[in-house]
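start_13.cif, holding mmCIF, C-alpha atoms and all ligand atoms:
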data_run
#
loop_
_atom_site.label_atom_id
_atom_site.label_comp_id
_atom_site.auth_asym_id
_atom_site.auth_seq_id
_atom_site.Cartn_x
_atom_site.Cartn_y
_atom_site.Cartn_z
CA MET A 1 -13.71 -24.45 6.15
CA PRO A 2 -11.88 -23.31 2.98
CA GLU A 3 -8.43 -24.70 2.10
CA PRO A 4 -5.62 -22.80 3.87
CA ILE A 5 -3.90 -20.04 1.93
CA ARG A 6 -0.23 -19.02 2.19
CA VAL A 7 0.54 -15.41 3.08
CA ILE A 8 4.01 -13.93 3.21
CA VAL A 9 5.06 -10.91 5.25
CA THR A 10 8.57 -9.64 4.51
CA GLY A 11 10.37 -7.57 7.12
CA ALA A 12 8.56 -9.82 9.57
CA ALA A 13 10.74 -8.88 12.53
CA GLY A 14 10.06 -5.18 12.04
CA GLN A 15 7.59 -2.63 13.37
CA ILE A 16 4.83 -2.76 10.78
CA ALA A 17 4.88 -6.55 10.66
CA TYR A 18 4.37 -6.69 14.42
CA SER A 19 0.93 -5.10 14.03
CA LEU A 20 0.14 -6.63 10.65
CA ILE A 21 0.76 -10.28 11.52
CA TYR A 22 -1.82 -10.22 14.31
CA GLN A 23 -4.50 -8.80 11.99
CA LEU A 24 -3.77 -11.51 9.42
CA ALA A 25 -3.65 -14.28 11.98
CA LYS A 26 -6.98 -13.45 13.56
CA GLY A 27 -8.89 -13.24 10.29
CA ASP A 28 -9.31 -9.48 9.85
CA VAL A 29 -8.01 -9.49 6.29
CA PHE A 30 -8.80 -12.80 4.57
CA GLY A 31 -11.90 -13.61 6.59
CA ALA A 32 -12.81 -15.09 9.93
CA ASP A 33 -13.12 -18.60 8.44
CA GLN A 34 -10.00 -18.56 6.25
CA PRO A 35 -7.17 -20.71 7.63
CA LEU A 36 -3.65 -19.70 6.65
CA TYR A 37 0.03 -20.49 6.75
CA LEU A 38 2.11 -17.46 7.67
CA HIS A 39 5.42 -17.17 5.82
CA LEU A 40 7.68 -14.74 7.66
CA LEU A 41 10.82 -13.48 5.92
CA ASP A 42 13.58 -11.36 7.38
CA ILE A 43 17.36 -11.12 7.06
CA PRO A 44 19.72 -13.55 8.85
CA PRO A 45 20.71 -11.18 11.73
CA MET A 46 17.01 -10.83 12.63
CA MET A 47 16.28 -14.56 12.97
CA GLY A 48 16.49 -14.40 16.78
CA VAL A 49 13.94 -11.59 16.96
CA LEU A 50 11.75 -13.42 14.47
CA GLU A 51 11.84 -16.47 16.71
CA GLY A 52 10.31 -14.30 19.44
CA VAL A 53 7.56 -13.16 17.07
CA VAL A 54 6.80 -16.80 16.25
CA MET A 55 6.60 -17.59 19.98
CA GLU A 56 4.07 -14.81 20.37
CA ILE A 57 1.98 -16.02 17.42
CA THR A 58 1.87 -19.45 19.07
CA ASP A 59 0.93 -17.93 22.40
CA CYS A 60 -1.96 -16.01 20.81
CA ALA A 61 -3.60 -19.46 20.30
CA LEU A 62 -5.29 -18.36 17.09
CA PRO A 63 -7.30 -21.14 15.43
CA LEU A 64 -6.85 -19.89 11.85
CA VAL A 65 -3.06 -20.26 11.94
CA LYS A 66 -2.23 -23.66 10.49
CA GLY A 67 1.53 -23.14 10.55
CA VAL A 68 4.32 -20.58 10.53
CA VAL A 69 7.36 -20.65 8.25
CA ALA A 70 10.02 -18.26 9.61
CA THR A 71 13.06 -17.98 7.37
CA ALA A 72 15.72 -15.87 5.68
CA ASP A 73 15.66 -18.12 2.61
CA LEU A 74 13.77 -16.61 -0.32
CA ALA A 75 13.02 -19.98 -1.91
CA VAL A 76 11.30 -21.21 1.25
CA ALA A 77 9.64 -17.89 2.01
CA PHE A 78 7.96 -17.32 -1.36
CA LYS A 79 7.01 -20.95 -2.06
CA ASP A 80 3.39 -21.15 -3.29
CA VAL A 81 2.27 -17.91 -1.66
CA ASP A 82 -1.20 -16.55 -2.48
CA ALA A 83 -0.69 -13.07 -1.04
CA ALA A 84 2.45 -11.07 -0.35
CA PHE A 85 2.96 -8.10 1.97
CA MET A 86 6.32 -6.68 0.92
CA VAL A 87 7.31 -4.65 3.94
CA GLY A 88 10.98 -5.54 4.52
CA SER A 89 13.21 -2.54 3.80
CA MET A 90 14.74 0.45 5.53
CA PRO A 91 12.39 3.19 6.82
CA ARG A 92 13.31 6.88 6.42
CA LYS A 93 14.57 9.05 9.26
CA GLN A 94 13.63 12.64 10.06
CA GLY A 95 14.62 15.07 7.29
CA MET A 96 14.65 12.47 4.50
CA GLU A 97 12.22 12.18 1.58
CA ARG A 98 10.99 8.64 0.84
CA LYS A 99 12.77 8.64 -2.52
CA ASP A 100 16.09 9.03 -0.64
CA LEU A 101 15.56 5.36 0.26
CA LEU A 102 15.63 4.20 -3.35
CA SER A 103 19.32 3.31 -3.42
CA ALA A 104 19.07 1.40 -0.11
CA ASN A 105 15.86 -0.46 -0.90
CA VAL A 106 15.18 -0.97 -4.59
CA LYS A 107 17.48 -3.95 -5.02
CA ILE A 108 15.57 -5.79 -2.29
CA PHE A 109 12.48 -5.54 -4.48
CA LYS A 110 14.38 -6.63 -7.57
CA GLU A 111 15.65 -9.72 -5.77
CA GLN A 112 12.29 -10.51 -4.19
CA GLY A 113 10.52 -9.94 -7.54
CA GLU A 114 12.76 -12.66 -8.96
CA ALA A 115 11.84 -14.90 -6.03
CA LEU A 116 8.11 -14.26 -6.54
CA ASP A 117 8.59 -15.14 -10.19
CA LYS A 118 10.26 -18.45 -9.35
CA TYR A 119 8.35 -19.64 -6.33
CA ALA A 120 4.99 -17.90 -5.80
CA LYS A 121 1.63 -18.83 -7.32
CA LYS A 122 1.04 -16.98 -10.60
CA THR A 123 -2.18 -15.63 -9.09
CA VAL A 124 -0.38 -14.07 -6.11
CA LYS A 125 -1.54 -10.60 -5.08
CA VAL A 126 1.48 -8.47 -4.18
CA LEU A 127 1.26 -5.36 -2.02
CA VAL A 128 4.46 -3.33 -1.71
CA VAL A 129 4.66 -1.27 1.48
CA GLY A 130 8.43 -0.62 1.70
CA ASN A 131 9.43 2.84 0.51
CA PRO A 132 9.59 4.34 -2.00
CA ALA A 133 6.63 2.02 -2.42
CA ASN A 134 5.45 2.87 -5.95
CA THR A 135 8.82 2.50 -7.59
CA ASN A 136 9.80 -0.54 -5.53
CA ALA A 137 6.55 -2.16 -6.72
CA LEU A 138 7.36 -1.28 -10.31
CA MET A 139 10.75 -2.97 -10.04
CA CYS A 140 9.28 -5.95 -8.18
CA ALA A 141 6.83 -6.47 -11.08
CA LYS A 142 9.55 -5.98 -13.70
CA TYR A 143 11.65 -8.78 -12.22
CA ALA A 144 8.67 -11.15 -11.99
CA PRO A 145 7.74 -11.30 -15.69
CA SER A 146 5.74 -14.54 -15.41
CA ILE A 147 3.23 -12.89 -13.04
CA PRO A 148 0.74 -10.42 -14.56
CA LYS A 149 1.57 -6.78 -13.80
CA LYS A 150 -1.97 -6.26 -12.53
CA ASN A 151 -1.08 -8.55 -9.59
CA PHE A 152 1.31 -5.90 -8.22
CA SER A 153 0.32 -2.83 -6.26
CA ALA A 154 1.82 -0.29 -3.89
CA MET A 155 0.26 1.14 -0.79
CA THR A 156 -1.35 4.58 -0.80
CA ARG A 157 -4.17 3.36 1.43
CA LEU A 158 -2.55 4.96 4.47
CA ASP A 159 -2.75 8.33 2.72
CA HIS A 160 -6.35 7.54 1.72
CA ASN A 161 -7.24 6.69 5.32
CA ARG A 162 -5.49 9.83 6.56
CA ALA A 163 -7.49 11.97 4.13
CA GLN A 164 -10.78 10.28 5.05
CA ALA A 165 -10.15 10.63 8.78
CA ALA A 166 -9.11 14.28 8.50
CA LEU A 167 -12.26 15.15 6.56
CA ALA A 168 -14.46 13.27 9.04
CA GLN A 169 -12.88 15.23 11.90
CA LYS A 170 -13.34 18.51 10.09
CA LEU A 171 -17.01 17.72 9.39
CA GLY A 172 -17.73 16.22 12.80
CA VAL A 173 -18.96 12.90 11.33
CA GLY A 174 -17.80 9.30 11.64
CA VAL A 175 -15.04 8.10 9.30
CA ALA A 176 -17.41 5.68 7.56
CA ASP A 177 -19.63 8.61 6.58
CA VAL A 178 -16.89 9.97 4.29
CA GLN A 179 -16.47 8.03 1.03
CA ASN A 180 -14.56 8.13 -2.22
CA VAL A 181 -11.62 10.37 -1.42
CA ILE A 182 -8.83 9.79 -3.93
CA ILE A 183 -5.07 9.70 -3.59
CA TRP A 184 -3.52 10.23 -7.01
CA GLY A 185 0.09 9.43 -7.83
CA ASN A 186 3.09 8.73 -5.65
CA HIS A 187 3.20 7.81 -1.95
CA SER A 188 5.36 10.89 -1.42
CA SER A 189 5.05 14.58 -0.75
CA THR A 190 3.88 15.11 -4.37
CA GLN A 191 0.78 12.91 -3.96
CA PHE A 192 -2.54 14.59 -4.66
CA PRO A 193 -5.26 13.95 -2.06
CA ASP A 194 -8.40 14.92 -3.97
CA VAL A 195 -11.87 15.49 -2.49
CA ALA A 196 -13.57 16.58 -5.71
CA HIS A 197 -15.43 13.25 -6.00
CA ALA A 198 -15.84 12.51 -2.29
CA SER A 199 -19.16 12.45 -0.49
CA VAL A 200 -20.28 12.71 3.12
CA LEU A 201 -23.39 11.56 4.93
CA ILE A 202 -24.68 14.32 7.21
CA ASN A 203 -27.85 13.67 9.20
CA GLY A 204 -28.84 10.94 6.75
CA SER A 205 -28.38 12.97 3.57
CA LYS A 206 -25.50 12.64 1.14
CA LYS A 207 -23.57 15.73 0.09
CA SER A 208 -20.35 16.36 -1.78
CA VAL A 209 -17.44 17.01 0.58
CA SER A 210 -16.58 20.16 -1.40
CA ASP A 211 -20.06 21.60 -0.72
CA ALA A 212 -20.11 20.46 2.90
CA ILE A 213 -16.75 22.11 3.67
CA ASN A 214 -17.16 24.94 1.17
CA ASP A 215 -13.58 26.21 1.59
CA LYS A 216 -11.58 25.75 -1.60
CA ASP A 217 -8.48 27.36 -0.10
CA TYR A 218 -8.42 24.76 2.67
CA LEU A 219 -9.22 21.80 0.40
CA GLN A 220 -6.55 22.74 -2.13
CA GLY A 221 -4.10 24.12 0.45
CA ASP A 222 -3.73 23.03 4.09
CA PHE A 223 -5.64 19.79 3.63
CA VAL A 224 -3.44 18.67 0.73
CA LYS A 225 -0.26 19.69 2.57
CA MET A 226 -1.33 17.89 5.76
CA VAL A 227 -1.89 14.57 3.98
CA GLN A 228 1.29 14.96 1.91
CA THR A 229 3.41 15.49 5.02
CA ARG A 230 1.62 13.34 7.59
CA GLY A 231 4.24 10.58 7.44
CA ALA A 232 6.98 13.11 8.24
CA ALA A 233 4.88 14.53 11.10
CA VAL A 234 4.52 11.05 12.61
CA ILE A 235 8.29 10.51 12.33
CA ALA A 236 8.98 13.88 13.98
CA ALA A 237 6.69 12.97 16.89
CA ARG A 238 7.42 9.27 17.31
CA LYS A 239 11.05 9.29 16.14
CA MET A 240 10.04 6.25 14.12
CA SER A 241 7.85 5.93 11.08
CA SER A 242 4.17 5.03 11.27
CA ALA A 243 3.57 1.38 12.03
CA MET A 244 0.14 0.73 13.58
CA SER A 245 -1.64 2.87 10.97
CA ALA A 246 0.54 1.47 8.18
CA ALA A 247 -0.32 -2.09 9.17
CA LYS A 248 -4.03 -1.21 9.35
CA ALA A 249 -3.85 0.33 5.88
CA ALA A 250 -2.05 -2.72 4.48
CA GLY A 251 -4.84 -4.91 5.86
CA ASP A 252 -7.53 -2.62 4.41
CA HIS A 253 -5.81 -2.62 1.00
CA MET A 254 -5.51 -6.39 0.80
CA LYS A 255 -9.00 -7.03 2.21
CA ASP A 256 -10.62 -4.84 -0.43
CA TRP A 257 -8.46 -6.41 -3.15
CA TRP A 258 -9.37 -9.91 -1.94
CA PHE A 259 -13.10 -9.43 -1.43
CA GLY A 260 -13.99 -6.39 -3.59
CA THR A 261 -15.30 -2.91 -2.87
CA ALA A 262 -18.93 -2.03 -2.13
CA PRO A 263 -21.02 -0.90 -5.13
CA GLY A 264 -20.43 2.78 -5.91
CA GLN A 265 -17.34 2.95 -3.73
CA HIS A 266 -13.74 3.26 -4.75
CA VAL A 267 -10.45 3.11 -2.88
CA SER A 268 -6.94 4.33 -3.71
CA MET A 269 -4.34 1.82 -4.87
CA ALA A 270 -1.09 2.37 -6.74
CA VAL A 271 -1.30 0.09 -9.77
CA ILE A 272 0.40 -0.12 -13.12
CA SER A 273 -0.71 2.86 -15.19
CA ASP A 274 -2.47 2.06 -18.48
CA GLY A 275 -2.47 5.73 -19.50
CA SER A 276 -5.82 6.51 -17.82
CA TYR A 277 -6.34 10.22 -17.01
CA GLY A 278 -3.41 11.13 -19.27
CA VAL A 279 -0.90 9.62 -16.84
CA ALA A 280 2.23 8.14 -18.42
CA ALA A 281 1.90 4.37 -18.88
CA ASP A 282 4.11 1.88 -17.02
CA ILE A 283 4.57 3.67 -13.74
CA MET A 284 2.91 2.56 -10.50
CA PHE A 285 0.45 5.39 -10.00
CA SER A 286 -2.24 5.63 -7.35
CA PHE A 287 -5.69 5.75 -8.94
CA PRO A 288 -9.24 5.37 -7.67
CA VAL A 289 -10.10 1.71 -8.22
CA SER A 290 -13.23 -0.34 -7.83
CA ILE A 291 -12.74 -4.03 -7.20
CA LYS A 292 -15.05 -6.90 -8.16
CA PRO A 293 -15.70 -9.71 -5.71
CA GLY A 294 -12.84 -12.12 -6.34
CA GLY A 295 -10.24 -9.44 -6.78
CA GLU A 296 -10.27 -7.94 -10.28
CA TYR A 297 -9.67 -4.20 -9.95
CA GLN A 298 -10.60 -1.54 -12.46
CA ILE A 299 -9.35 2.02 -12.57
CA VAL A 300 -12.48 4.16 -12.16
CA GLN A 301 -12.98 5.93 -15.49
CA GLY A 302 -14.56 9.19 -16.56
CA LEU A 303 -14.11 11.38 -13.48
CA PRO A 304 -13.84 15.05 -14.49
CA VAL A 305 -10.33 16.47 -13.92
CA SER A 306 -10.13 20.19 -13.11
CA ASP A 307 -7.20 22.39 -14.19
CA PHE A 308 -5.92 22.30 -10.59
CA ALA A 309 -6.12 18.50 -10.50
CA ARG A 310 -4.41 18.22 -13.91
CA LYS A 311 -1.46 20.22 -12.61
CA MET A 312 -1.24 18.07 -9.46
CA LEU A 313 -1.45 14.79 -11.42
CA ASP A 314 1.30 15.93 -13.77
CA ILE A 315 3.65 16.88 -10.91
CA THR A 316 3.37 13.52 -9.17
CA ALA A 317 3.62 11.55 -12.45
CA GLU A 318 6.78 13.49 -13.31
CA GLU A 319 8.33 12.47 -9.98
CA LEU A 320 7.46 8.82 -10.63
CA LEU A 321 9.05 8.95 -14.07
CA GLU A 322 12.25 10.30 -12.49
CA GLU A 323 12.21 7.61 -9.79
CA LYS A 324 11.69 4.97 -12.47
CA LYS A 325 14.75 6.20 -14.37
CA ASP A 326 16.87 6.11 -11.21
CA ALA A 327 15.56 2.68 -10.21
CA LEU A 328 16.27 1.17 -13.62
CA SER A 329 19.83 2.39 -13.47
CA LEU A 330 20.31 1.19 -9.85
CA CYS A 331 18.94 -2.25 -10.75
CA GLN A 332 21.40 -2.57 -13.65
CA ASP A 333 24.43 -1.95 -11.39
P1 LIG B 401 11.50 -1.69 10.45
O1 LIG B 401 12.91 -1.22 10.31
O2 LIG B 401 10.86 -1.71 11.78
O3 LIG B 401 11.37 -3.15 9.84
C1 LIG B 401 11.88 -3.48 8.59
C2 LIG B 401 12.27 -4.94 8.64
O4 LIG B 401 12.68 -5.30 7.32
C3 LIG B 401 13.46 -5.23 9.58
O5 LIG B 401 13.15 -6.31 10.44
C4 LIG B 401 14.57 -5.58 8.61
O6 LIG B 401 15.49 -6.52 9.14
C5 LIG B 401 13.76 -6.16 7.45
N1 LIG B 401 14.52 -6.24 6.20
C6 LIG B 401 15.48 -5.41 5.73
N2 LIG B 401 15.95 -5.88 4.56
C7 LIG B 401 15.25 -7.00 4.28
C8 LIG B 401 15.29 -7.94 3.23
N3 LIG B 401 16.15 -7.81 2.21
N4 LIG B 401 14.45 -8.99 3.26
C9 LIG B 401 13.58 -9.14 4.29
N5 LIG B 401 13.51 -8.31 5.33
C10 LIG B 401 14.33 -7.25 5.32
O7 LIG B 401 10.65 -0.81 9.41
P2 LIG B 401 9.06 -0.62 9.35
O8 LIG B 401 8.69 0.52 10.22
O9 LIG B 401 8.41 -1.92 9.52
O10 LIG B 401 8.91 -0.10 7.84
C11 LIG B 401 9.17 -0.93 6.74
C12 LIG B 401 9.04 -0.15 5.44
O11 LIG B 401 7.70 0.29 5.24
C13 LIG B 401 9.91 1.10 5.35
O12 LIG B 401 10.47 1.20 4.04
C14 LIG B 401 8.91 2.22 5.58
O13 LIG B 401 9.35 3.44 5.04
C15 LIG B 401 7.72 1.66 4.83
N6 LIG B 401 6.41 2.26 5.12
C16 LIG B 401 5.56 2.45 4.09
C17 LIG B 401 4.31 2.98 4.31
C18 LIG B 401 3.35 3.22 3.18
O14 LIG B 401 2.32 3.86 3.41
N7 LIG B 401 3.58 2.75 1.96
C19 LIG B 401 3.91 3.30 5.61
C20 LIG B 401 4.81 3.09 6.66
C21 LIG B 401 6.08 2.57 6.40
C1 LIG B 402 4.20 7.01 6.07
O1 LIG B 402 3.56 7.57 5.20
O2 LIG B 402 3.93 7.15 7.29
C2 LIG B 402 5.32 6.09 5.70
O3 LIG B 402 5.55 6.11 4.32
C3 LIG B 402 6.56 6.33 6.47
C4 LIG B 402 7.25 7.59 6.01
O4 LIG B 402 8.44 7.53 5.73
O5 LIG B 402 6.60 8.63 5.97
#

Do you think you could lay out the structure here as C-alpha cells?
Ligand code: NAD
Ligand code: LMR
Amino acid sequence: MPEPIRVIVTGAAGQIAYSLIYQLAKGDVFGADQPLYLHLLDIPPMMGVLEGVVMEITDCALPLVKGVVATADLAVAFKDVDAAFMVGSMPRKQGMERKDLLSANVKIFKEQGEALDKYAKKTVKVLVVGNPANTNALMCAKYAPSIPKKNFSAMTRLDHNRAQAALAQKLGVGVADVQNVIIWGNHSSTQFPDVAHASVLINGSKKSVSDAINDKDYLQGDFVKMVQTRGAAVIAARKMSSAMSAAKAAGDHMKDWWFGTAPGQHVSMAVISDGSYGVAADIMFSFPVSIKPGGEYQIVQGLPVSDFARKMLDITAEELLEEKKDALSLCQD
C-alpha cells in the first residue's frame, strides 16, 4: 500500500462536496489502493452540517479513509495537503452570469491562496471549482507565490464532458467513442466548445466529428450555444446549480492530472496561459492539454485555428482579461 496522501475539499458541507467526497473516499480519483486523509473545510456556521457529513463518511466504512479532519481553520485545513479541490464559494442563482459572483467569491480564493502558500506541500495540485472559476484560480495562484503557477488549474471539464456527451447522443454512439473535444477559454457563456479536432469511433472506424455530423451550422451554432448555457439550463430546471455532474467532472480532472492522459488524447483544463495560440499570457485559459504519467501537463501545440475559432478564442480571452482587472482591484480593497 502506498503512503496516505492528504486531500482537501473546501465547501465541504455543500452540494458538490457531498458527491465529490464519496468518489475520493472510495478510490475513484487517486486509485483503488491509495489511502488518504480527507481535510474538509467550511465556514464556522456550517460546522454542524459538516459533522453530519463526517458521520456519513464513517458509516460508509471505506477502507482507504485513514482519517478525516473537519475544520473551519485554514491552518489546519491546508496543512501538508497534496491535492486541493477548491469548491467553497457562493453558487449563482437564476438570471446571473458566473462573473457576477466575482465580488462575493474572489476574496475567498485570495485568502485560501495565502493559506496554500503557508501550509500546503509545494507540489500540491490545486483545482478551483468555485465560480468564476478561471479568475478565482488566477487569484489563488497569485497569492500563493511559493507554489509554481502550473500547479493551479480551474475546472472546464464539466463543459468538456457536456460537449462529449452531447456529440455522442447526436451520433448515437457511446460517450467513450467521442474523443478530443476542446473547451477553449473561460468557464462562462463565452467559452468555445470546439469539435474541429475531435474524433468519433463509428462501427470500429475512426472519423472526424465534423465529417460524421457534417452540419457546420449546428456545430458552430446550436451546439456551441447549448454547451455555453448548459449550467444555466440546469439551474432553471433544478433551482440549484449542477452538483452531481460537477463533482464527477472534478474527479475526472484530478484523476487525469494525477495519472496522465492516454496517448493521443487530450482533455480541457484551464491553466495559466503562456501565450499559446495567441492567447494573452497570465490568464487562466482553458486549453487542450495532454498529461504525462505523474502529472506534468502540456498545452497541446500546433492545432490549426480557423478564422471562426480565432474570433471565438479572442472573445473569451477578452472576457478573462476584464475579469482579471476587476479581480485585481477587488483583491486590493
Ligand atoms: P453550495 O452552496 O452547496 O456549497 C458551497 C459551500 O461552500 C457551502 O457549504 C458554504 O458554506 C461553503 N463556503 C462558503 N464560503 C466558504 C469559505 N470561505 N471557505 C470554505 N467554505 C466556504 O454550492 P455548490 O453547489 O457546492 O457550488 C460551489 C461552487 O462551485 C459555486 O461557486 C458554483 O458556482 C461552483 N460550480 C462550478 C462548476 C464548474 O464547472 N467550474 C460547476 C458547478 C458549480
Ligand atoms: C455549471 O456550469 O453548471 C456551474 O458553473 C454552475 C453554474 O453557475 O452554471

* To do: May I have the residues within 12 Å of Leu303 in chain A as a list in words, using only C-alpha atoms and disregarding those fewer than 5 positions away in the same chain?
  =>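 My reading of the contact set: Asn180, Ile182, Asp194, Val195, Ala196, His197, Ala198, His266, Ser276, Tyr277, Phe287, Pro288, Val289, Ala309 and Arg310 of chain A.
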
* To do: For ligand LIG 401 (chain B), list the contacting residues at 8 Å or closer, counting only C-alpha atoms and all ligand atoms, as a PyMOL selection string.
  => chain A and resi 10-18+41-43+45-46+72+87-92+98+101+105+108-109+112+128-133+154-159+187+231+240-243+245-247+249-250

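Relative to CA of Val65 in chain A, CA of Gln34 in chain A is found at 9.1 Å.
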
* **Distance in Å - CA of Ala115 in chain A versus CA of Tyr143 in chain A** =>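 Distance reported for this atom pair: 8.7 Å.
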
* For ligand LIG 402 (chain B), which of A:Met1, A:Leu40, A:Leu138, A:Ile235 is the closest residue, counting all atoms listed in the file? ->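 Counting all atoms listed in the file, the residue closest to ligand LIG 402 (chain B) is A:Ile235.
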
* Asked: Could you state the separation of CA of Met226 in chain A and CA of Ala163 in chain A in Å, given to one decimal place?
  -> 8.7 Å
